[in-house]
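Participant: See final37.pdb below, with PDB, C-alpha atoms, pLDDT in the B column.
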ATOM      1  CA  MET A   1      47.121  38.827  40.879  1.00 57.00           C
ATOM      2  CA  GLY A   2      49.982  37.438  42.609  1.00 58.00           C
ATOM      3  CA  VAL A   3      50.111  37.296  46.270  1.00 62.00           C
ATOM      4  CA  LEU A   4      52.091  40.021  47.611  1.00 67.00           C
ATOM      5  CA  GLU A   5      54.817  38.407  49.444  1.00 66.00           C
ATOM      6  CA  GLU A   6      56.170  40.192  52.296  1.00 65.00           C
ATOM      7  CA  LYS A   7      59.758  40.157  52.175  1.00 68.00           C
ATOM      8  CA  LYS A   8      61.257  40.161  55.488  1.00 66.00           C
ATOM      9  CA  GLU A   9      64.782  41.131  55.595  1.00 69.00           C
ATOM     10  CA  THR A  10      66.627  40.793  58.683  1.00 71.00           C
ATOM     11  CA  VAL A  11      69.047  43.566  58.758  1.00 73.00           C
ATOM     12  CA  ARG A  12      71.813  42.675  61.008  1.00 74.00           C
ATOM     13  CA  LYS A  13      73.104  45.663  62.786  1.00 74.00           C
ATOM     14  CA  VAL A  14      76.821  45.786  63.241  1.00 76.00           C
ATOM     15  CA  VAL A  15      77.500  47.184  66.622  1.00 77.00           C
ATOM     16  CA  THR A  16      80.655  49.259  66.802  1.00 77.00           C
ATOM     17  CA  THR A  17      81.858  50.824  70.036  1.00 76.00           C
ATOM     18  CA  LYS A  18      82.667  54.439  69.352  1.00 79.00           C
ATOM     19  CA  GLU A  19      85.907  55.651  70.869  1.00 79.00           C
ATOM     20  CA  GLY A  20      85.523  58.368  73.418  1.00 80.00           C
ATOM     21  CA  PRO A  21      87.168  61.723  72.686  1.00 84.00           C
ATOM     22  CA  ASN A  22      90.893  61.777  73.298  1.00 91.00           C
ATOM     23  CA  LEU A  23      91.284  63.950  76.361  1.00 92.00           C
ATOM     24  CA  LYS A  24      95.040  63.627  76.825  1.00 94.00           C
ATOM     25  CA  GLY A  25      95.829  66.960  75.149  1.00 96.00           C
ATOM     26  CA  THR A  26      93.077  68.727  77.076  1.00 96.00           C
ATOM     27  CA  MET A  27      94.396  67.297  80.332  1.00 96.00           C
ATOM     28  CA  ILE A  28      97.935  68.478  79.600  1.00 97.00           C
ATOM     29  CA  ALA A  29      96.708  71.967  78.725  1.00 97.00           C
ATOM     30  CA  VAL A  30      94.519  72.198  81.801  1.00 97.00           C
ATOM     31  CA  MET A  31      97.277  70.917  84.091  1.00 97.00           C
ATOM     32  CA  LEU A  32      99.700  73.486  82.678  1.00 98.00           C
ATOM     33  CA  LEU A  33      97.187  76.229  83.415  1.00 97.00           C
ATOM     34  CA  GLY A  34      96.585  74.791  86.874  1.00 97.00           C
ATOM     35  CA  GLY A  35     100.306  74.724  87.488  1.00 97.00           C
ATOM     36  CA  PHE A  36     100.525  78.379  86.549  1.00 98.00           C
ATOM     37  CA  ILE A  37      97.681  79.182  88.947  1.00 97.00           C
ATOM     38  CA  VAL A  38      99.274  77.259  91.820  1.00 97.00           C
ATOM     39  CA  LEU A  39     102.662  78.858  91.132  1.00 98.00           C
ATOM     40  CA  SER A  40     101.130  82.359  91.092  1.00 98.00           C
ATOM     41  CA  TRP A  41      99.236  81.669  94.298  1.00 98.00           C
ATOM     42  CA  PHE A  42     102.333  80.558  96.186  1.00 97.00           C
ATOM     43  CA  SER A  43     104.406  83.416  94.777  1.00 98.00           C
ATOM     44  CA  VAL A  44     101.955  85.983  96.093  1.00 97.00           C
ATOM     45  CA  TYR A  45     101.663  84.088  99.386  1.00 97.00           C
ATOM     46  CA  TRP A  46     105.449  84.132  99.738  1.00 97.00           C
ATOM     47  CA  LEU A  47     105.478  87.895  99.073  1.00 96.00           C
ATOM     48  CA  TYR A  48     102.872  88.348 101.806  1.00 96.00           C
ATOM     49  CA  MET A  49     104.813  86.237 104.345  1.00 95.00           C
ATOM     50  CA  VAL A  50     108.081  87.970 103.562  1.00 94.00           C
ATOM     51  CA  ARG A  51     106.599  91.440 104.125  1.00 94.00           C
ATOM     52  CA  LEU A  52     104.959  90.591 107.452  1.00 90.00           C
TER      53      LEU A  52
ATOM     54  CA  MET B  53      79.025  57.167  88.525  1.00 76.00           C
ATOM     55  CA  HIS B  54      80.796  56.724  85.270  1.00 87.00           C
ATOM     56  CA  MET B  55      83.224  59.408  84.239  1.00 90.00           C
ATOM     57  CA  HIS B  56      86.363  59.545  82.150  1.00 91.00           C
ATOM     58  CA  LYS B  57      89.427  58.746  84.262  1.00 92.00           C
ATOM     59  CA  LEU B  58      91.079  62.012  83.270  1.00 95.00           C
ATOM     60  CA  GLU B  59      87.992  63.934  84.317  1.00 94.00           C
ATOM     61  CA  ARG B  60      88.122  62.231  87.692  1.00 95.00           C
ATOM     62  CA  LEU B  61      91.802  63.066  88.052  1.00 96.00           C
ATOM     63  CA  TRP B  62      91.185  66.692  87.018  1.00 96.00           C
ATOM     64  CA  LEU B  63      88.375  67.044  89.556  1.00 96.00           C
ATOM     65  CA  MET B  64      90.559  65.649  92.333  1.00 97.00           C
ATOM     66  CA  ILE B  65      93.501  67.900  91.533  1.00 97.00           C
ATOM     67  CA  GLY B  66      91.264  70.962  91.153  1.00 96.00           C
ATOM     68  CA  SER B  67      89.356  70.512  94.390  1.00 97.00           C
ATOM     69  CA  GLY B  68      92.530  69.460  96.177  1.00 97.00           C
ATOM     70  CA  ALA B  69      94.216  72.717  95.198  1.00 97.00           C
ATOM     71  CA  LEU B  70      91.172  74.699  96.288  1.00 97.00           C
ATOM     72  CA  ILE B  71      91.047  72.974  99.675  1.00 98.00           C
ATOM     73  CA  LEU B  72      94.780  73.556 100.152  1.00 97.00           C
ATOM     74  CA  PHE B  73      94.452  77.288  99.406  1.00 97.00           C
ATOM     75  CA  LEU B  74      91.478  77.661 101.746  1.00 98.00           C
ATOM     76  CA  LEU B  75      93.238  75.758 104.535  1.00 98.00           C
ATOM     77  CA  VAL B  76      96.346  77.917 104.306  1.00 97.00           C
ATOM     78  CA  ILE B  77      94.529  81.237 104.455  1.00 96.00           C
ATOM     79  CA  GLY B  78      92.029  79.851 106.957  1.00 97.00           C
ATOM     80  CA  VAL B  79      94.778  78.916 109.395  1.00 97.00           C
ATOM     81  CA  ASN B  80      96.485  82.241 108.756  1.00 96.00           C
ATOM     82  CA  ALA B  81      93.328  84.189 109.552  1.00 95.00           C
ATOM     83  CA  PHE B  82      91.816  82.248 112.435  1.00 96.00           C
ATOM     84  CA  ALA B  83      94.878  80.817 114.166  1.00 96.00           C
ATOM     85  CA  MET B  84      97.557  83.383 113.401  1.00 93.00           C
ATOM     86  CA  GLY B  85      95.535  86.574 113.245  1.00 90.00           C
ATOM     87  CA  HIS B  86      96.503  87.556 109.711  1.00 93.00           C
ATOM     88  CA  THR B  87      93.245  89.158 108.701  1.00 93.00           C
ATOM     89  CA  PRO B  88      92.322  91.841 106.188  1.00 94.00           C
ATOM     90  CA  PRO B  89      92.115  95.463 107.354  1.00 96.00           C
ATOM     91  CA  SER B  90      88.940  96.378 109.190  1.00 95.00           C
ATOM     92  CA  ASP B  91      86.436  99.115 108.436  1.00 95.00           C
ATOM     93  CA  SER B  92      83.631  97.954 110.676  1.00 95.00           C
ATOM     94  CA  GLU B  93      83.612 100.908 113.077  1.00 95.00           C
ATOM     95  CA  ILE B  94      81.694 103.890 111.767  1.00 96.00           C
ATOM     96  CA  LEU B  95      81.582 107.556 112.568  1.00 96.00           C
ATOM     97  CA  ASP B  96      80.061 110.738 111.245  1.00 96.00           C
ATOM     98  CA  PRO B  97      82.388 111.980 108.489  1.00 95.00           C
ATOM     99  CA  THR B  98      81.314 115.576 109.046  1.00 95.00           C
ATOM    100  CA  GLN B  99      82.299 115.392 112.718  1.00 95.00           C
ATOM    101  CA  VAL B 100      85.763 113.868 112.389  1.00 95.00           C
ATOM    102  CA  ASP B 101      87.526 116.813 114.017  1.00 95.00           C
ATOM    103  CA  LEU B 102      85.252 116.500 117.039  1.00 96.00           C
ATOM    104  CA  THR B 103      85.289 112.707 117.375  1.00 94.00           C
ATOM    105  CA  ALA B 104      87.933 111.023 119.501  1.00 91.00           C
ATOM    106  CA  PRO B 105      90.583 109.897 118.799  1.00 94.00           C
ATOM    107  CA  PHE B 106      90.608 111.917 115.582  1.00 96.00           C
ATOM    108  CA  ASP B 107      90.344 115.204 117.444  1.00 95.00           C
ATOM    109  CA  ASP B 108      94.023 114.691 118.317  1.00 96.00           C
ATOM    110  CA  PRO B 109      95.626 112.590 115.590  1.00 96.00           C
ATOM    111  CA  GLY B 110      99.138 111.366 116.252  1.00 96.00           C
ATOM    112  CA  LEU B 111     101.369 108.720 117.723  1.00 96.00           C
ATOM    113  CA  LYS B 112     100.619 107.330 121.146  1.00 96.00           C
ATOM    114  CA  LYS B 113     102.481 104.655 123.058  1.00 96.00           C
ATOM    115  CA  ILE B 114     100.031 102.115 124.457  1.00 96.00           C
ATOM    116  CA  GLY B 115     102.360  99.410 125.655  1.00 94.00           C
ATOM    117  CA  GLU B 116     105.840  97.982 125.705  1.00 93.00           C
ATOM    118  CA  ASN B 117     106.911  98.469 122.078  1.00 94.00           C
ATOM    119  CA  GLU B 118     103.290  99.010 121.051  1.00 96.00           C
ATOM    120  CA  TYR B 119     101.877 102.150 119.534  1.00 96.00           C
ATOM    121  CA  GLU B 120      98.677 103.539 118.187  1.00 96.00           C
ATOM    122  CA  LEU B 121      98.946 105.859 115.213  1.00 97.00           C
ATOM    123  CA  VAL B 122      95.802 107.870 114.572  1.00 96.00           C
ATOM    124  CA  LEU B 123      95.674 109.655 111.246  1.00 97.00           C
ATOM    125  CA  VAL B 124      93.110 111.751 109.426  1.00 96.00           C
ATOM    126  CA  ALA B 125      93.222 111.530 105.665  1.00 96.00           C
ATOM    127  CA  GLN B 126      92.136 114.508 103.664  1.00 92.00           C
ATOM    128  CA  ALA B 127      93.150 116.005 100.384  1.00 85.00           C
ATOM    129  CA  PHE B 128      96.085 115.849 100.223  1.00 94.00           C
ATOM    130  CA  THR B 129      97.795 114.665 103.366  1.00 96.00           C
ATOM    131  CA  PHE B 130      97.618 112.312 106.330  1.00 97.00           C
ATOM    132  CA  GLN B 131      97.210 114.585 109.311  1.00 95.00           C
ATOM    133  CA  SER B 132      99.174 113.891 112.443  1.00 96.00           C
ATOM    134  CA  ASN B 133     100.200 116.130 115.304  1.00 95.00           C
ATOM    135  CA  ASP B 134     103.392 114.142 115.811  1.00 94.00           C
ATOM    136  CA  GLU B 135     106.325 113.186 113.680  1.00 95.00           C
ATOM    137  CA  ILE B 136     106.028 109.500 112.969  1.00 96.00           C
ATOM    138  CA  LYS B 137     109.105 107.925 114.557  1.00 96.00           C
ATOM    139  CA  ILE B 138     108.905 104.391 115.863  1.00 96.00           C
ATOM    140  CA  PRO B 139     111.541 102.141 117.449  1.00 97.00           C
ATOM    141  CA  GLU B 140     112.644  99.027 115.607  1.00 96.00           C
ATOM    142  CA  GLY B 141     110.507  96.003 116.464  1.00 96.00           C
ATOM    143  CA  ALA B 142     107.493  98.036 117.535  1.00 97.00           C
ATOM    144  CA  THR B 143     103.931  97.059 116.707  1.00 97.00           C
ATOM    145  CA  VAL B 144     101.816  99.884 115.348  1.00 97.00           C
ATOM    146  CA  HIS B 145      98.020  99.920 115.262  1.00 97.00           C
ATOM    147  CA  PHE B 146      96.982 102.283 112.492  1.00 98.00           C
ATOM    148  CA  LYS B 147      93.621 103.962 112.916  1.00 97.00           C
ATOM    149  CA  VAL B 148      92.612 106.145 109.996  1.00 97.00           C
ATOM    150  CA  THR B 149      89.554 107.914 108.654  1.00 97.00           C
ATOM    151  CA  SER B 150      88.869 110.365 105.855  1.00 97.00           C
ATOM    152  CA  LYS B 151      87.248 113.758 105.981  1.00 96.00           C
ATOM    153  CA  ASP B 152      86.489 113.957 102.309  1.00 95.00           C
ATOM    154  CA  VAL B 153      86.904 111.279  99.670  1.00 96.00           C
ATOM    155  CA  VAL B 154      88.145 107.723  99.496  1.00 97.00           C
ATOM    156  CA  HIS B 155      91.905 107.558  99.890  1.00 97.00           C
ATOM    157  CA  GLY B 156      94.386 104.714  99.833  1.00 97.00           C
ATOM    158  CA  PHE B 157      96.861 103.867 102.568  1.00 97.00           C
ATOM    159  CA  GLN B 158      99.916 101.895 101.619  1.00 98.00           C
ATOM    160  CA  ILE B 159     103.367 101.458 103.092  1.00 97.00           C
ATOM    161  CA  PRO B 160     105.480  99.920 100.306  1.00 95.00           C
ATOM    162  CA  LYS B 161     107.581  96.881 101.269  1.00 93.00           C
ATOM    163  CA  THR B 162     105.022  95.968 103.948  1.00 96.00           C
ATOM    164  CA  ASN B 163     101.576  94.397 103.935  1.00 96.00           C
ATOM    165  CA  VAL B 164      99.978  97.675 104.988  1.00 97.00           C
ATOM    166  CA  ASN B 165      97.591  98.406 102.137  1.00 97.00           C
ATOM    167  CA  MET B 166      94.001  99.489 102.670  1.00 97.00           C
ATOM    168  CA  MET B 167      91.316 101.932 101.656  1.00 97.00           C
ATOM    169  CA  ILE B 168      90.385 104.908 103.802  1.00 97.00           C
ATOM    170  CA  THR B 169      86.671 105.427 103.468  1.00 96.00           C
ATOM    171  CA  PRO B 170      84.771 108.415 104.848  1.00 96.00           C
ATOM    172  CA  GLY B 171      82.316 107.361 107.521  1.00 97.00           C
ATOM    173  CA  HIS B 172      84.493 104.450 108.608  1.00 97.00           C
ATOM    174  CA  ILE B 173      87.427 103.849 110.910  1.00 97.00           C
ATOM    175  CA  ASN B 174      89.969 101.842 108.961  1.00 97.00           C
ATOM    176  CA  THR B 175      92.436  99.832 111.021  1.00 97.00           C
ATOM    177  CA  ILE B 176      95.443  97.661 110.368  1.00 97.00           C
ATOM    178  CA  THR B 177      98.337  96.483 112.506  1.00 96.00           C
ATOM    179  CA  HIS B 178     101.975  96.032 111.530  1.00 97.00           C
ATOM    180  CA  THR B 179     105.197  95.164 113.312  1.00 96.00           C
ATOM    181  CA  PHE B 180     108.220  97.015 111.982  1.00 97.00           C
ATOM    182  CA  ASP B 181     111.089  94.548 112.319  1.00 95.00           C
ATOM    183  CA  GLU B 182     113.574  96.578 110.336  1.00 94.00           C
ATOM    184  CA  ALA B 183     114.777 100.108 110.799  1.00 95.00           C
ATOM    185  CA  GLY B 184     114.554 102.534 107.910  1.00 96.00           C
ATOM    186  CA  GLN B 185     112.626 105.261 106.157  1.00 97.00           C
ATOM    187  CA  PHE B 186     109.154 104.314 105.005  1.00 97.00           C
ATOM    188  CA  LEU B 187     106.430 106.239 103.229  1.00 97.00           C
ATOM    189  CA  ILE B 188     102.700 106.193 103.870  1.00 97.00           C
ATOM    190  CA  LEU B 189     101.327 106.702 100.387  1.00 97.00           C
ATOM    191  CA  CYS B 190      97.863 107.332  99.039  1.00 97.00           C
ATOM    192  CA  ASN B 191      97.242 104.779  96.293  1.00 96.00           C
ATOM    193  CA  GLU B 192      93.666 105.681  95.417  1.00 96.00           C
ATOM    194  CA  TYR B 193      93.073 108.621  93.124  1.00 96.00           C
ATOM    195  CA  CYS B 194      91.611 111.393  95.231  1.00 96.00           C
ATOM    196  CA  GLY B 195      92.034 114.564  93.217  1.00 95.00           C
ATOM    197  CA  VAL B 196      94.604 116.898  91.691  1.00 96.00           C
ATOM    198  CA  GLY B 197      97.095 116.510  94.538  1.00 96.00           C
ATOM    199  CA  HIS B 198      96.869 112.727  94.782  1.00 96.00           C
ATOM    200  CA  GLN B 199     100.381 112.087  93.428  1.00 96.00           C
ATOM    201  CA  ALA B 200     101.884 114.182  96.215  1.00 96.00           C
ATOM    202  CA  MET B 201      99.898 112.642  99.039  1.00 97.00           C
ATOM    203  CA  GLY B 202     102.228 110.876 101.384  1.00 96.00           C
ATOM    204  CA  VAL B 203     103.879 111.234 104.782  1.00 97.00           C
ATOM    205  CA  PRO B 204     107.166 109.763 105.998  1.00 97.00           C
ATOM    206  CA  LEU B 205     107.395 107.116 108.692  1.00 97.00           C
ATOM    207  CA  GLU B 206     110.724 106.476 110.315  1.00 97.00           C
ATOM    208  CA  VAL B 207     111.703 103.319 112.140  1.00 97.00           C
ATOM    209  CA  ILE B 208     114.724 104.010 114.288  1.00 96.00           C
ATOM    210  CA  LYS B 209     117.180 101.516 115.746  1.00 91.00           C
TER     211      LYS B 209
END
Take the structure from the file and write it as structure tokens.
Facilitator:
Amino acid sequence: MGVLEEKKETVRKVVTTKEGPNLKGTMIAVMLLGGFIVLSWFSVYWLYMVRL
Amino acid sequence: MHMHKLERLWLMIGSGALILFLLVIGVNAFAMGHTPPSDSEILDPTQVDLTAPFDDPGLKKIGENEYELVLVAQAFTFQSNDEIKIPEGATVHFKVTSKDVVHGFQIPKTNVNMMITPGHINTITHTFDEAGQFLILCNEYCGVGHQAMGVPLEVIK
């Protein structure tokens, strides 16, 4: 019958750069926790020094 | 190495805090002698009454304004042959062991706080800069009389 024609389609891929996750909220939360840890550490250290 | 700028910042702050903490307590321990209580010396817990210095527990002056206080912990007291009266500003080396179970040893308002473990000689040193009435309390449950276990320590002007 007819010649099977191969159809070649060039599918152009559209490249999109995905945005990374927004870490600003995480950073704020973690820094608040870190601040609490540092504050606790120095509070206990102060108690120790004062009772020497 | 590629990492998120916030991750880099978090790593720097985290390790910086850790290094700061370790430096502070490192200097305190190695340069200024602020170390935890010791329990490295051992003895036979069944022979406490026959082992010096616990065969004569009490207060002994060992230097100018320096004392050694030897105590034997047992349910439910800290045994001493002397009343514990120390002059203001004196340094006291506490040397304590237990004849029975694990006891605690704490003088509230000071940094004196350690465990008294049978088979060990537990030591800690403290300088009493302020006169007043203090209490040596047991803070580790040791039996039915635990809540009453404590002896007074007086620092006189």
Participant: What does the distance from atom CA of Val148 of chain B to atom CA of Ile77 of chain B come to in Å, to one decimal?
Facilitator: 25.6 Å
Participant: Within 8 Å of chain B, which residues of chain A are there when counting only C-alpha atoms? Please give them as a PyMOL selection string.
Facilitator: chain A and resi 23-24+27+31+34+38+48+51-52
Participant: Take the residues from that selection and put them in a file with C-alpha atoms, as a PDB file, keeping the file's coordinate frame.
Facilitator:
ATOM      1  CA  LEU A  23      91.284  63.950  76.361  1.00 92.00           C
ATOM      2  CA  LYS A  24      95.040  63.627  76.825  1.00 94.00           C
ATOM      3  CA  MET A  27      94.396  67.297  80.332  1.00 96.00           C
ATOM      4  CA  MET A  31      97.277  70.917  84.091  1.00 97.00           C
ATOM      5  CA  GLY A  34      96.585  74.791  86.874  1.00 97.00           C
ATOM      6  CA  VAL A  38      99.274  77.259  91.820  1.00 97.00           C
ATOM      7  CA  TYR A  48     102.872  88.348 101.806  1.00 96.00           C
ATOM      8  CA  ARG A  51     106.599  91.440 104.125  1.00 94.00           C
ATOM      9  CA  LEU A  52     104.959  90.591 107.452  1.00 90.00           C
TER      10      LEU A  52
END
Participant: Considering only C-alpha atoms, return as a list in words whatever protein or nucleic-acid residues lie within 6 Å of segment 113-126 of chain B, sequence-local ones (same chain, fewer than 4 positions apart) excluded.
Facilitator: Pro109, Phe130, Gln131, Ser132, Ala142, Thr143, Val144, His145, Phe146, Lys147, Val148, Thr149, Ser150, Lys151 and Asp152 of chain B
Participant: Give as a list in words the residues that the PyMOL selection byres ((chain B and resi 206) around 7) matches when applied to the coordinates above.
Facilitator: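 Evaluating the PyMOL selection byres ((chain B and resi 206) around 7) on these coordinates yields Ile136, Lys137, Ile138, Gly184, Gln185, Phe186, Pro204, Leu205, Val207 and Ile208 of chain B.
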Participant: How many Å separate atom CA of Val153 of chain B from atom CA of Ala200 of chain B?
Facilitator: 15.6 Å
Participant: Do you have the atom CA of Leu72 of chain B-atom CA of Tyr45 of chain A distance handy?
Facilitator: 12.6 Å
Participant: Measuring atom to atom with all atoms listed in the file, identify which of B:Thr177, B:Thr129, B:Ser90, B:Asn165 is nearest to Gln199 of chain B.
Facilitator: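 Of all the options, B:Thr129 lies closest to Gln199 of chain B.
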Participant: Given the file shown, enumerate the residues that the PyMOL selection byres ((chain B and resi 171) around 6) captures and present them as an NGL selection string.
Facilitator: :B and (94-97 or 170 or 172)
